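Here is structure_27.txt, consisting of compact mmCIF, C-alpha atoms:
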# COMPACT_ATOMS: atom_id res chain seq x y z
CA MET A 20 40.44 5.91 17.39
CA THR A 21 41.06 2.28 18.27
CA THR A 22 39.66 -0.34 15.89
CA VAL A 23 38.10 -3.31 17.63
CA PRO A 24 39.16 -6.52 15.82
CA VAL A 25 36.30 -8.52 14.41
CA ALA A 26 36.19 -12.11 15.57
CA PRO A 27 36.57 -14.55 12.68
CA GLN A 28 33.28 -15.98 11.52
CA ARG A 29 33.17 -19.70 12.12
CA LEU A 30 32.10 -21.87 9.19
CA ALA A 31 29.28 -23.42 11.22
CA ASP A 32 27.82 -19.98 11.91
CA PHE A 33 28.07 -19.03 8.24
CA LEU A 34 26.30 -22.22 7.14
CA GLU A 35 23.52 -21.60 9.65
CA THR A 36 22.88 -18.00 8.59
CA SER A 37 23.41 -18.56 4.86
CA MET A 38 21.74 -21.95 4.42
CA ASP A 39 19.07 -20.62 2.04
CA VAL A 40 21.75 -19.15 -0.23
CA VAL A 41 23.76 -22.39 -0.21
CA LEU A 42 20.64 -24.46 -0.91
CA ALA A 43 19.67 -22.16 -3.79
CA GLU A 44 23.05 -22.77 -5.42
CA TRP A 45 22.63 -26.52 -4.77
CA VAL A 46 19.30 -26.50 -6.65
CA THR A 47 20.65 -24.36 -9.48
CA PHE A 48 23.45 -26.83 -10.12
CA ALA A 49 21.24 -29.89 -9.65
CA ARG A 50 18.88 -28.65 -12.37
CA THR A 51 21.73 -28.97 -14.90
CA LEU A 52 22.00 -32.70 -14.36
CA LEU A 53 20.18 -35.18 -16.59
CA GLY A 54 18.71 -37.07 -13.64
CA ALA A 55 16.96 -33.89 -12.46
CA ALA A 56 15.00 -33.31 -15.67
CA ASP A 57 11.56 -34.08 -14.19
CA MET A 58 12.18 -33.20 -10.52
CA ASN A 59 10.47 -30.42 -8.61
CA LEU A 60 12.11 -28.07 -6.10
CA THR A 61 11.36 -30.28 -3.09
CA ALA A 62 12.89 -33.32 -4.75
CA LEU A 63 15.95 -31.37 -5.87
CA ARG A 64 16.60 -30.07 -2.36
CA ASP A 65 15.98 -33.58 -1.12
CA HIS A 66 17.98 -34.13 2.09
CA ALA A 67 20.38 -31.23 1.46
CA ALA A 68 19.12 -29.14 4.40
CA GLU A 69 19.41 -32.13 6.73
CA MET A 70 22.95 -32.85 5.57
CA LEU A 71 23.98 -29.21 6.05
CA THR A 72 22.40 -29.22 9.51
CA ASP A 73 24.35 -32.36 10.33
CA ILE A 74 27.56 -30.74 9.09
CA ILE A 75 26.91 -27.69 11.28
CA ALA A 76 26.39 -29.90 14.32
CA ASP A 77 29.51 -31.91 13.46
CA LEU A 78 31.61 -28.72 13.16
CA ARG A 79 30.45 -27.63 16.60
CA THR A 80 31.22 -30.99 18.19
CA PRO A 81 34.67 -31.20 19.85
CA GLN A 82 36.99 -33.59 18.07
CA THR A 83 40.19 -35.08 19.43
CA ALA A 84 43.31 -35.67 17.36
CA GLU A 85 42.60 -39.40 17.54
CA ASP A 86 39.06 -38.86 16.21
CA GLN A 87 40.48 -36.86 13.30
CA ARG A 88 43.04 -39.57 12.53
CA ARG A 89 40.39 -42.30 12.53
CA LYS A 90 38.00 -40.31 10.34
CA SER A 91 40.78 -39.53 7.84
CA GLN A 92 41.33 -43.28 7.47
CA GLY A 93 37.64 -44.04 6.97
CA GLU A 94 37.12 -45.57 10.41
CA GLU A 95 33.84 -45.14 12.26
CA VAL A 96 33.91 -42.56 15.04
CA HIS A 97 31.16 -42.83 17.63
CA ALA A 98 30.35 -39.17 17.99
CA PRO A 99 27.10 -37.56 19.19
CA ILE A 100 26.54 -36.17 15.68
CA SER A 101 26.58 -38.30 12.53
CA THR A 102 25.88 -37.45 8.89
CA SER A 103 25.17 -41.09 8.02
CA ALA A 104 21.37 -41.11 8.11
CA SER A 105 20.76 -38.06 5.89
CA ALA A 106 23.57 -39.01 3.50
CA LYS A 107 22.27 -42.57 3.09
CA ALA A 108 18.74 -41.28 2.52
CA HIS A 109 20.06 -38.86 -0.11
CA GLY A 110 21.95 -41.64 -1.92
CA ALA A 111 18.87 -43.86 -2.02
CA ALA A 112 16.65 -41.00 -3.22
CA ARG A 113 19.03 -40.02 -6.01
CA ALA A 114 19.23 -43.65 -7.17
CA ASP A 115 15.43 -43.86 -7.26
CA SER A 116 15.26 -40.56 -9.17
CA GLY A 117 17.45 -41.78 -12.01
CA PHE A 118 20.65 -39.92 -11.19
CA THR A 119 23.92 -41.53 -12.14
CA MET A 120 26.59 -41.93 -9.48
CA VAL A 121 28.76 -39.41 -11.33
CA GLU A 122 25.94 -36.87 -11.22
CA MET A 123 25.39 -37.40 -7.50
CA ILE A 124 29.09 -36.96 -6.73
CA ALA A 125 29.09 -33.82 -8.91
CA GLU A 126 26.41 -32.37 -6.61
CA PHE A 127 28.72 -32.66 -3.63
CA ARG A 128 31.64 -31.24 -5.59
CA ALA A 129 29.49 -28.22 -6.44
CA LEU A 130 28.28 -27.93 -2.83
CA ARG A 131 31.84 -27.96 -1.51
CA ALA A 132 32.92 -25.30 -4.02
CA SER A 133 29.91 -23.09 -3.32
CA VAL A 134 30.33 -23.12 0.46
CA LEU A 135 34.06 -22.38 0.29
CA ARG A 136 33.60 -19.60 -2.26
CA LEU A 137 30.79 -17.88 -0.37
CA TRP A 138 32.40 -18.22 3.05
CA THR A 139 35.97 -17.21 2.17
CA ALA A 140 34.67 -14.16 0.28
CA GLU A 141 33.47 -12.76 3.62
CA GLN A 142 36.77 -13.31 5.46
CA ASP A 143 39.51 -10.70 5.42
CA VAL A 144 42.16 -13.20 6.37
CA LEU A 145 42.21 -16.92 7.04
CA THR A 146 43.31 -17.70 10.58
CA ARG A 147 44.18 -20.98 12.25
CA VAL A 148 40.54 -21.24 13.33
CA HIS A 149 39.43 -20.96 9.70
CA ILE A 150 41.89 -23.65 8.64
CA ASP A 151 40.61 -25.99 11.35
CA ASP A 152 37.05 -25.37 10.19
CA LEU A 153 38.06 -26.09 6.59
CA ALA A 154 39.63 -29.41 7.58
CA ARG A 155 36.53 -30.43 9.55
CA PHE A 156 34.26 -29.37 6.66
CA HIS A 157 36.21 -31.46 4.14
CA GLU A 158 36.05 -34.44 6.50
CA ALA A 159 32.27 -34.07 6.80
CA ILE A 160 31.75 -33.75 3.04
CA ASP A 161 33.96 -36.77 2.38
CA GLU A 162 31.99 -38.78 4.92
CA ILE A 163 28.71 -37.75 3.29
CA ILE A 164 30.01 -38.73 -0.15
CA ALA A 165 31.13 -42.14 1.11
CA GLU A 166 27.80 -42.83 2.82
CA SER A 167 25.75 -41.59 -0.15
CA VAL A 168 27.75 -43.56 -2.70
CA GLY A 169 27.48 -46.70 -0.58
CA ARG A 170 23.70 -46.46 -0.33
CA PHE A 171 23.38 -45.41 -3.99
CA HIS A 172 25.34 -48.50 -5.04
CA THR A 173 23.24 -50.76 -2.80
CA SER A 174 19.98 -49.35 -4.15
CA THR A 175 20.95 -49.63 -7.81
CA THR A 176 22.37 -53.13 -7.33
CA GLN A 177 19.17 -54.29 -5.64
CA SER A 178 17.09 -52.85 -8.48
CA GLN A 179 19.26 -54.55 -11.09
CA ASP A 180 19.12 -57.87 -9.25
CA LEU A 181 15.36 -57.65 -8.94
CA PHE A 182 15.03 -56.91 -12.67
CA VAL A 183 17.23 -59.88 -13.58
CA ALA A 184 15.32 -62.15 -11.19
CA VAL A 185 11.93 -61.17 -12.64
CA LEU A 186 13.17 -61.40 -16.22
CA GLY A 187 14.79 -64.79 -15.60
CA HIS A 188 11.65 -66.13 -13.94
CA ASP A 189 9.48 -64.98 -16.85
CA LEU A 190 11.83 -66.53 -19.42
CA ARG A 191 11.83 -69.95 -17.81
CA THR A 192 8.32 -70.91 -18.95
CA PRO A 193 8.72 -70.28 -22.72
CA LEU A 194 12.22 -71.79 -22.66
CA HIS A 195 10.89 -74.87 -20.88
CA THR A 196 8.23 -75.23 -23.58
CA VAL A 197 10.84 -74.99 -26.34
CA SER A 198 12.96 -77.60 -24.56
CA ILE A 199 10.07 -80.06 -24.25
CA VAL A 200 9.11 -79.67 -27.91
CA THR A 201 12.64 -80.04 -29.27
CA GLU A 202 13.38 -83.10 -27.12
CA ALA A 203 10.08 -84.71 -28.09
CA VAL A 204 10.75 -84.23 -31.82
CA ALA A 205 14.34 -85.46 -31.45
CA ASP A 206 13.22 -88.58 -29.53
CA ALA A 207 10.47 -89.38 -32.04
CA ASN A 208 12.99 -90.15 -34.82
CA VAL A 209 10.70 -88.64 -37.43
CA LEU A 210 13.28 -86.38 -39.06
CA ASP A 211 15.41 -87.33 -42.03
CA ALA A 212 19.21 -87.39 -42.05
CA HIS A 213 19.41 -83.70 -42.96
CA TYR A 214 17.19 -82.31 -40.20
CA ALA A 215 17.95 -84.72 -37.37
CA PRO A 216 21.40 -83.20 -36.61
CA LEU A 217 19.87 -79.72 -36.65
CA MET A 218 17.26 -80.78 -34.12
CA ALA A 219 19.94 -82.38 -31.94
CA ARG A 220 21.81 -79.08 -32.01
CA ALA A 221 18.63 -77.26 -31.01
CA VAL A 222 18.21 -79.62 -28.04
CA ARG A 223 21.78 -78.94 -26.90
CA SER A 224 21.30 -75.19 -27.30
CA THR A 225 18.12 -75.11 -25.23
CA LYS A 226 19.87 -77.10 -22.50
CA ARG A 227 22.75 -74.65 -22.60
CA MET A 228 20.37 -71.69 -22.41
CA THR A 229 18.56 -73.30 -19.49
CA GLN A 230 21.84 -73.79 -17.65
CA MET A 231 22.84 -70.18 -18.26
CA LEU A 232 19.46 -68.98 -17.03
CA ASP A 233 19.65 -71.19 -13.95
CA ASP A 234 23.13 -69.86 -13.18
CA LEU A 235 21.93 -66.28 -13.52
CA LEU A 236 18.95 -66.88 -11.25
CA ASP A 237 21.13 -68.61 -8.67
CA PHE A 238 23.50 -65.66 -8.76
CA THR A 239 20.77 -63.09 -8.18
CA ARG A 240 19.23 -65.30 -5.49
CA SER A 241 22.56 -65.49 -3.67
CA ARG A 242 22.95 -61.70 -3.76
CA MET A 243 19.38 -60.89 -2.76
CA GLY A 244 18.82 -63.64 -0.21
CA GLY A 245 22.20 -64.06 1.43
CA GLY A 246 23.34 -67.25 -0.28
CA LEU A 247 22.12 -70.22 -2.27
CA PRO A 248 19.63 -72.40 -0.39
CA VAL A 249 20.61 -76.02 0.21
CA ASN A 250 18.38 -78.79 1.48
CA PRO A 251 20.61 -81.67 2.66
CA HIS A 252 19.37 -85.21 3.15
CA ASP A 253 21.06 -88.57 3.61
CA VAL A 254 22.51 -89.19 0.15
CA ASP A 255 24.92 -91.63 -1.49
CA LEU A 256 26.88 -89.64 -4.08
CA HIS A 257 27.49 -92.65 -6.34
CA ARG A 258 24.30 -92.04 -8.32
CA VAL A 259 24.77 -88.26 -8.36
CA VAL A 260 28.24 -88.62 -9.90
CA GLU A 261 27.15 -91.25 -12.42
CA ASP A 262 24.18 -89.17 -13.58
CA ALA A 263 26.31 -86.03 -14.03
CA VAL A 264 28.97 -87.85 -16.05
CA ASP A 265 26.35 -89.69 -18.17
CA GLU A 266 24.82 -86.35 -19.10
CA PHE A 267 28.17 -85.11 -20.40
CA ARG A 268 28.81 -88.34 -22.27
CA SER A 269 25.64 -87.54 -24.20
CA SER A 270 26.06 -83.79 -24.61
CA SER A 271 29.84 -83.72 -25.21
CA PRO A 272 30.66 -87.10 -26.80
CA GLN A 273 33.86 -85.75 -28.36
CA HIS A 274 35.46 -86.09 -24.90
CA THR A 275 36.08 -89.23 -22.89
CA TYR A 276 35.47 -89.54 -19.17
CA ALA A 277 37.22 -91.68 -16.56
CA VAL A 278 35.41 -92.17 -13.25
CA ALA A 279 36.85 -93.68 -10.06
CA MET A 280 34.88 -93.86 -6.81
CA THR A 281 36.21 -95.37 -3.58
CA GLY A 282 35.19 -95.45 0.07
CA ASP A 283 31.93 -94.51 1.74
CA LEU A 284 30.26 -91.72 -0.26
CA ARG A 285 27.24 -91.31 2.00
CA GLY A 286 26.50 -88.11 3.90
CA SER A 287 24.15 -85.19 4.42
CA PHE A 288 24.09 -83.51 1.01
CA ASP A 289 21.71 -81.66 -1.28
CA ALA A 290 21.88 -84.08 -4.21
CA PRO A 291 20.62 -81.69 -6.95
CA ARG A 292 23.02 -78.99 -5.77
CA ILE A 293 26.00 -81.37 -5.71
CA GLY A 294 24.96 -82.48 -9.20
CA GLN A 295 25.06 -78.81 -10.18
CA VAL A 296 28.60 -78.51 -8.79
CA LEU A 297 29.68 -81.53 -10.85
CA SER A 298 27.99 -80.19 -13.96
CA ASN A 299 29.74 -76.83 -13.64
CA LEU A 300 33.13 -78.41 -13.00
CA LEU A 301 32.72 -80.88 -15.85
CA GLY A 302 31.65 -78.08 -18.17
CA ASN A 303 34.76 -76.15 -17.20
CA ALA A 304 36.96 -79.21 -17.84
CA VAL A 305 35.36 -79.87 -21.23
CA GLN A 306 35.77 -76.28 -22.34
CA HIS A 307 39.34 -75.73 -21.16
CA GLY A 308 40.82 -79.25 -21.15
CA ASP A 309 42.72 -81.21 -23.76
CA PRO A 310 40.10 -83.17 -25.79
CA THR A 311 42.63 -85.94 -26.52
CA THR A 312 42.87 -86.95 -22.85
CA PRO A 313 40.03 -88.08 -20.57
CA VAL A 314 38.32 -85.81 -18.11
CA GLN A 315 38.88 -87.57 -14.79
CA VAL A 316 36.33 -87.67 -11.99
CA VAL A 317 37.79 -89.05 -8.76
CA VAL A 318 35.54 -89.40 -5.72
CA ARG A 319 36.69 -90.81 -2.40
CA GLY A 320 35.28 -90.90 1.09
CA ASP A 321 37.11 -90.91 4.41
CA ASP A 322 35.94 -90.67 8.00
CA ALA A 323 35.23 -86.94 7.93
CA GLU A 324 34.36 -85.97 4.37
CA VAL A 325 33.75 -86.89 0.76
CA ILE A 326 36.15 -85.38 -1.76
CA VAL A 327 34.98 -84.89 -5.34
CA GLU A 328 37.73 -84.10 -7.84
CA VAL A 329 37.40 -83.14 -11.51
CA ARG A 330 40.70 -83.17 -13.38
CA ASN A 331 41.68 -82.24 -16.91
CA SER A 332 44.87 -81.89 -18.91
CA GLY A 333 45.61 -78.98 -21.18
CA PRO A 334 46.58 -75.34 -20.64
CA THR A 335 47.10 -74.45 -17.00
CA ILE A 336 45.27 -71.62 -15.31
CA PRO A 337 47.56 -68.57 -15.07
CA ALA A 338 48.72 -67.99 -11.50
CA ALA A 339 47.47 -64.39 -11.63
CA GLU A 340 43.89 -65.63 -12.17
CA LEU A 341 43.78 -68.11 -9.28
CA PRO A 342 43.00 -65.64 -6.45
CA THR A 343 39.84 -64.38 -8.20
CA LEU A 344 38.86 -67.57 -9.98
CA PHE A 345 35.64 -68.08 -8.00
CA GLY A 346 34.41 -64.52 -8.45
CA PRO A 347 31.18 -63.85 -10.36
CA PHE A 348 31.34 -63.28 -14.12
CA LYS A 349 34.89 -64.65 -14.19
CA ARG A 350 35.79 -65.90 -17.67
CA LEU A 351 39.12 -67.62 -18.25
CA ARG A 352 41.15 -66.34 -21.16
CA HIS A 353 42.13 -69.73 -22.51
CA GLY A 354 40.40 -72.86 -23.72
CA ASN A 355 39.58 -74.94 -26.77
CA ALA A 356 38.05 -73.07 -29.66
CA ASP A 357 36.07 -76.14 -30.71
CA ASP A 358 34.49 -76.37 -27.26
CA ALA A 359 33.88 -72.66 -26.77
CA VAL A 360 30.28 -72.15 -25.71
CA PRO A 361 28.41 -69.07 -24.54
CA HIS A 362 28.50 -68.73 -20.78
CA LEU A 363 28.20 -66.03 -18.14
CA GLY A 364 31.27 -66.85 -16.09
CA LEU A 365 29.13 -67.91 -13.13
CA GLY A 366 29.74 -71.65 -13.06
CA LEU A 367 32.73 -71.69 -10.73
CA TYR A 368 31.21 -68.96 -8.54
CA ILE A 369 28.04 -71.02 -8.06
CA ALA A 370 29.98 -74.25 -7.50
CA ASP A 371 32.01 -72.53 -4.78
CA GLU A 372 28.85 -71.10 -3.18
CA ILE A 373 27.18 -74.52 -3.06
CA VAL A 374 30.23 -76.21 -1.56
CA THR A 375 30.52 -73.41 1.01
CA ARG A 376 26.85 -73.80 1.92
CA HIS A 377 27.59 -77.45 2.64
CA GLY A 378 30.26 -76.35 5.10
CA GLY A 379 33.04 -77.36 2.72
CA ARG A 380 35.61 -75.76 0.48
CA LEU A 381 36.44 -75.82 -3.21
CA VAL A 382 40.17 -75.96 -3.98
CA VAL A 383 41.90 -75.57 -7.34
CA THR A 384 45.41 -76.54 -8.38
CA SER A 385 46.84 -76.12 -11.87
CA THR A 386 50.33 -77.20 -12.92
CA ASP A 387 52.00 -78.26 -16.14
CA ASP A 388 52.81 -81.71 -14.73
CA LEU A 389 49.45 -82.62 -13.17
CA GLY A 390 47.01 -80.47 -15.12
CA THR A 391 44.07 -78.69 -13.50
CA CYS A 392 42.14 -80.16 -10.58
CA PHE A 393 39.07 -78.81 -8.80
CA ALA A 394 38.51 -80.60 -5.50
CA ALA A 395 35.27 -80.15 -3.54
CA HIS A 396 35.73 -81.12 0.11
CA LEU A 397 32.30 -81.96 1.52
CA PRO A 398 31.88 -82.75 5.23
CA ARG A 399 29.60 -85.73 5.78
CA HIS A 400 27.57 -83.84 8.35
CA HIS A 401 27.49 -80.13 9.03
CA THR A 402 25.35 -77.26 10.28
CA ASP A 403 24.73 -74.62 7.64
CA THR A 404 25.88 -71.40 9.31
CA VAL A 405 26.27 -69.27 6.20
CA PRO A 406 23.79 -66.36 6.39

Please express what this file holds, its structure, as structure tokens.
Amino acid sequence: MTTVPVAPQRLADFLETSMDVVLAEWVTFARTLLGAADMNLTALRDHAAEMLTDIIADLRTPQTAEDQRRKSQGEEVHAPISTSASAKAHGAARADSGFTMVEMIAEFRALRASVLRLWTAEQDVLTRVHIDDLARFHEAIDEIIAESVGRFHTSTTQSQDLFVAVLGHDLRTPLHTVSIVTEAVADANVLDAHYAPLMARAVRSTKRMTQMLDDLLDFTRSRMGGGLPVNPHDVDLHRVVEDAVDEFRSSSPQHTYAVAMTGDLRGSFDAPRIGQVLSNLLGNAVQHGDPTTPVQVVVRGDDAEVIVEVRNSGPTIPAAELPTLFGPFKRLRHGNADDAVPHLGLGLYIADEIVTRHGGRLVVTSTDDLGTCFAAHLPRHHTDTVP
């Protein structure tokens, strides 16, 4: 009697006929995760059926060798079937449900293992067709993981930024009250020689806290709203520079400051924001510079731009740190112990953002011979095109 060979079962067909079994294993594993503690069956299954349906459709869609190469390298392939929508929705839902990213990735690891175990158990031998299906299945799972992780990260980051923004906004009022009271008492000259220095320290601390809070709020605003807002007007930077330096002469009198301004310093600038740039650069110079040499502020105007430089002597910035110097939460690993103050590592990031929003660029050089110099190149007139 002749035995008729059985055609190999394609993975897409198996997933279609065995979806309930696969989903049951998905739920069983998901229940073991901490983020699933209070979730019902519907929430646990989430977008799993949609993702499996998308995988089935993807497996049945012809794919060229070029498509496979591009997908293996993470490039977008414009195919009729895409797993992006369901995967992104799953990532957002898991973030909202309290899953960690590790737990969400573990779900997909368990899904991959379950499908391969159940499907291969029904095959007598793996043929070239099976191997092709396996490759396509791994591609689809990897794409789903990438899309889900991307949306999960976006959702959690947005939630964290919103929390920081709300907390920072709510802290501003009581901190402002403390600042007003401490400054009023310090200015009244009613304290004796013992308490007056303590009150002066309290005034400096509240100013420092206010600056840290402002930096944090600017950072979250730039991430949530696409950049720091600037409101340029016709401004002469002479007064802006003088005010910024005078503030440091009062708050950091242990340092000396040398100011030189030449040329036409007028242009279309947001004066408070440029003052913020100067404050951040001066703070950096005070903290990391040599206190025995002056912090130099050199401002000059030419036909096209105004250049604001803040220079300090002292330890140079390591070359390895220069490429990421303007990143958020960047904290240099050198400085003066006497000038060390709490900070979030956002000052240079915010200074760079403000200069960029003015259509300019912030450049840093640091050598043993010339010291460290931050130069803000500010076009006199520009159109803000940063989103």

Find the spatial neighbours of Arg64 of chain A, counting all atoms listed in the file, within a cut-off of 8 Å - ignore same-chain residues fewer than 6 positions away - and output them as a short mmCIF file (atom, residue, chain, number, x, y, z; two decimals) with C-alpha atoms, in the frame of the given file.
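Result saved to around_1.cif:
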data_model
loop_
_atom_site.label_atom_id
_atom_site.label_comp_id
_atom_site.auth_asym_id
_atom_site.auth_seq_id
_atom_site.Cartn_x
_atom_site.Cartn_y
_atom_site.Cartn_z
CA LEU A 42 20.64 -24.46 -0.91
CA TRP A 45 22.63 -26.52 -4.77
CA VAL A 46 19.30 -26.50 -6.65
#

Counting only C-alpha atoms, the residue of A:Asp143, A:Thr281, A:Gln230, A:Val314 that sits nearest Arg268 of chain A: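 Nearest candidate to Arg268 of chain A out of A:Asp143, A:Thr281, A:Gln230, A:Val314: A:Val314.
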
Polymer residues at most 6 Å from segment 379-387 of chain A, only C-alpha atoms, same-chain spacing of 5 or more positions, as number ranges by chain: A: 335-336, 371, 374, 392-397

Specify the axis-aligned box that encloses all atoms of segment 373-392 of chain A listed in the file after padding of 3 Å on each side, stating its centre and edge lengths in Å to one decimal as lines of an AutoDock Vina configuration file.
center_x = 39.8
center_y = -78.0
center_z = -5.5
size_x = 32.0
size_y = 15.2
size_z = 27.2

Residues near segment 258-261 of chain A, cut-off 12 Å, all atoms listed in the file, skip fewer than 4 positions along chain, as a PyMOL selection string: chain A and resi 254+265-268+276-280+284-285+288-298+300-301+315-319+326-329

Which of A:Val183, A:Ala68, A:Leu341, A:Leu53 sits closest to Arg240 of chain A [using only C-alpha atoms]: A:Val183

Atom pair atom CA of Met58 of chain A / atom CA of Asp180 of chain A: separation (Å): 25.7 Å

Spatial neighbours of Met70 of chain A, max dist 10 Å, all atoms listed in the file, sep filter under 4 positions, as a PDB file with C-alpha atoms, keeping the file's coordinate frame:
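See out.pdb below for the written result:
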ATOM      1  CA  ASP A  65      15.980 -33.580  -1.120  1.00  0.00           C
ATOM      2  CA  HIS A  66      17.980 -34.130   2.090  1.00  0.00           C
ATOM      3  CA  ILE A  74      27.560 -30.740   9.090  1.00  0.00           C
ATOM      4  CA  ILE A  75      26.910 -27.690  11.280  1.00  0.00           C
ATOM      5  CA  ALA A  76      26.390 -29.900  14.320  1.00  0.00           C
ATOM      6  CA  SER A 101      26.580 -38.300  12.530  1.00  0.00           C
ATOM      7  CA  THR A 102      25.880 -37.450   8.890  1.00  0.00           C
ATOM      8  CA  SER A 103      25.170 -41.090   8.020  1.00  0.00           C
ATOM      9  CA  ALA A 104      21.370 -41.110   8.110  1.00  0.00           C
ATOM     10  CA  SER A 105      20.760 -38.060   5.890  1.00  0.00           C
ATOM     11  CA  ALA A 106      23.570 -39.010   3.500  1.00  0.00           C
ATOM     12  CA  ALA A 108      18.740 -41.280   2.520  1.00  0.00           C
ATOM     13  CA  HIS A 109      20.060 -38.860  -0.110  1.00  0.00           C
ATOM     14  CA  ALA A 159      32.270 -34.070   6.800  1.00  0.00           C
ATOM     15  CA  ILE A 160      31.750 -33.750   3.040  1.00  0.00           C
ATOM     16  CA  ILE A 163      28.710 -37.750   3.290  1.00  0.00           C
TER      17      ILE A 163
END

Residue among A:Thr239, A:Asn250, A:Ser270, A:Thr312 lying closest to Ile369 of chain A, counting only C-alpha atoms: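 With only C-alpha atoms as the atom set, the closest residue is A:Thr239.
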
Residue neighbourhood Asp115 of chain A, 10 Å, all atoms listed in the file, exclusion window fewer than 4 positions, as a PDB file with C-alpha atoms, in the frame of the given file:
ATOM      1  CA  GLY A  54      18.710 -37.070 -13.640  1.00  0.00           C
ATOM      2  CA  HIS A 109      20.060 -38.860  -0.110  1.00  0.00           C
ATOM      3  CA  GLY A 110      21.950 -41.640  -1.920  1.00  0.00           C
ATOM      4  CA  ALA A 111      18.870 -43.860  -2.020  1.00  0.00           C
ATOM      5  CA  PHE A 171      23.380 -45.410  -3.990  1.00  0.00           C
ATOM      6  CA  SER A 174      19.980 -49.350  -4.150  1.00  0.00           C
ATOM      7  CA  THR A 175      20.950 -49.630  -7.810  1.00  0.00           C
ATOM      8  CA  SER A 178      17.090 -52.850  -8.480  1.00  0.00           C
TER       9      SER A 178
END

Distance in Å - atom CA of Val41 of chain A versus atom CA of Asn59 of chain A: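 The value is 17.7 Å.
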
Computed interatomic separation between atom CA of Glu340 of chain A and atom CA of Gln273 of chain A (Å):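 Atom CA of Gln273 of chain A lies at a distance of 27.7 Å from atom CA of Glu340 of chain A.
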
Exercise: residues within 12 Å of coordinate (40.1, -25.8, 13.1), counting all atoms listed in the file, as a list of chain:residue names: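 Residues found, by chain and rising number: A:Pro27, A:Arg29, A:Leu30, A:Ala31, A:Leu78, A:Arg79, A:Thr80, A:Pro81, A:Gln82, A:Thr83, A:Ala84, A:Gln87, A:Leu145, A:Thr146, A:Arg147, A:Val148, A:His149, A:Ile150, A:Asp151, A:Asp152, A:Leu153, A:Ala154, A:Arg155, A:Phe156, A:His157, A:Glu158.
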
Neighbour residues at most 12 Å from (32.6, -67.3, -7.0) (only C-alpha atoms) as a PyMOL selection string: chain A and resi 234+237-238+241-242+246-247+299+341-350+364-375+380-382
